[in-house]
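Asks: Before anything else, here's the structure in question.
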Amino acid sequence: MMDFGSRFGRTVSRVLKSEKIIWLTTVGPDGTPQPRPVWFYWDGASLLIYRQPQGRKLDHIRRQPRVALNLNTDPGGGDVTARPRHRVLGTVSIAEYAPPADKHAAYRRKYRRGIADLDMTPGSFARDCSVAIRVTPEKLRGF
């Protein structure tokens, strides 16, 4: 687990608590980085992300569990250059024992509006994005 006690570590942890969208970069079969905006929950030690079971991201992480997360997007997750960037490098795994998204109270609160904007309910979102993955930070980069 990363030490988030340094000044920079505390800043990154604060950003992780407040951001709604981060960019998860996995590695495709041909070695090409594959960035994708995702919703997440930061518990202070790892990030929990819910994905669709048929998504390519799951294939990527099964093949190569090293990932990068880019923080500091605009509120919609689209402009990763809006502010100084922070990057988290880590490993990802399937979080077999994580609760479904609709049973994870903090995640449900954080994305209640976003789920509604997708014309979904927490239950339908949990069924659609039924695989939880956990990113464990190993290195922090940025300024």
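Following the order of the structure tokens, chains are lettered A, B, ..., residues in each are numbered from 1, and ligands are numbered from 1.
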As a PDB file with C-alpha atoms, in the first residue's frame, list the residues of segment 19-124 of chain A assigned to strand (DSSP E or B) by DSSP on the backbone atoms of this structure.

Replies:
```
ATOM      1  CA  ILE A  22     -10.793   9.290 -13.307  1.00  0.00           C
ATOM      2  CA  TRP A  23      -9.150   7.863 -16.402  1.00  0.00           C
ATOM      3  CA  LEU A  24      -8.204   4.203 -16.042  1.00  0.00           C
ATOM      4  CA  THR A  25      -5.495   3.159 -18.482  1.00  0.00           C
ATOM      5  CA  THR A  26      -5.039  -0.534 -19.157  1.00  0.00           C
ATOM      6  CA  VAL A  27      -2.852  -2.201 -21.790  1.00  0.00           C
ATOM      7  CA  PRO A  33      -2.411   1.977 -23.682  1.00  0.00           C
ATOM      8  CA  GLN A  34      -6.208   2.049 -23.497  1.00  0.00           C
ATOM      9  CA  PRO A  35      -7.480   5.006 -21.394  1.00  0.00           C
ATOM     10  CA  ARG A  36     -11.144   5.135 -20.370  1.00  0.00           C
ATOM     11  CA  PRO A  37     -13.060   7.427 -17.992  1.00  0.00           C
ATOM     12  CA  VAL A  38     -14.537   5.511 -15.054  1.00  0.00           C
ATOM     13  CA  TYR A  41     -14.808   4.802  -4.903  1.00  0.00           C
ATOM     14  CA  TRP A  42     -11.659   5.591  -2.902  1.00  0.00           C
ATOM     15  CA  LEU A  47     -10.067   2.220  -5.551  1.00  0.00           C
ATOM     16  CA  LEU A  48     -13.160   0.195  -6.358  1.00  0.00           C
ATOM     17  CA  ILE A  49     -14.500   0.365  -9.916  1.00  0.00           C
ATOM     18  CA  TYR A  50     -17.558  -1.432 -11.310  1.00  0.00           C
ATOM     19  CA  ARG A  51     -17.408  -2.682 -14.898  1.00  0.00           C
ATOM     20  CA  ARG A  66      -0.559  -3.008 -14.229  1.00  0.00           C
ATOM     21  CA  VAL A  67      -2.637   0.149 -14.679  1.00  0.00           C
ATOM     22  CA  ALA A  68      -2.405   3.924 -14.514  1.00  0.00           C
ATOM     23  CA  LEU A  69      -5.023   6.336 -13.232  1.00  0.00           C
ATOM     24  CA  ASN A  70      -5.068   9.971 -14.339  1.00  0.00           C
ATOM     25  CA  HIS A  86      -1.788  13.555 -10.627  1.00  0.00           C
ATOM     26  CA  ARG A  87      -1.151   9.981 -11.667  1.00  0.00           C
ATOM     27  CA  VAL A  88      -1.485   6.816  -9.690  1.00  0.00           C
ATOM     28  CA  LEU A  89       0.271   3.674 -10.880  1.00  0.00           C
ATOM     29  CA  GLY A  90      -0.831   0.375  -9.466  1.00  0.00           C
ATOM     30  CA  THR A  91      -2.130  -3.118  -9.897  1.00  0.00           C
ATOM     31  CA  VAL A  92      -5.695  -4.172 -10.468  1.00  0.00           C
ATOM     32  CA  SER A  93      -7.567  -7.344  -9.623  1.00  0.00           C
ATOM     33  CA  ILE A  94     -11.108  -8.642  -9.685  1.00  0.00           C
TER      34      ILE A  94
END
```

Asks: List every residue of chain A that DSSP, applied to the backbone, labels as alpha helix (DSSP H), and write the result as a ChimeraX atom specification.

Replies: /A:7-18,56-63,105-117,122-128

Asks: To one decimal place in Å, what is the distance between atom CA of Met120 of chain A and atom CA of Leu58 of chain A?

Replies: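 These atoms are spaced 22.3 Å apart.
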
Asks: Quick check, in Å to one decimal: how far apart do atom CA of Thr11 of chain A and atom CA of Arg109 of chain A lie?

Replies: 23.0 Å

Asks: Distance atom CA of Val12 of chain A-atom CA of Ala45 of chain A, one decimal place?

Replies: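 Between these atoms lies a distance of 11.7 Å.
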
Asks: Please list as a ChimeraX atom specification every residue within 6 Å of segment 98-104 of chain A, counting only C-alpha atoms and excluding residues in the same chain fewer than 4 positions away.

Replies: /A:108,122-123,126

Asks: Which residue gives the smallest distance to Ala106 of chain A among A:Arg62, A:Asp43, A:Ser13, A:Lys57, with only C-alpha atoms counted?

Replies: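 Once distances to Ala106 of chain A are computed over only C-alpha atoms, the minimum belongs to A:Asp43.
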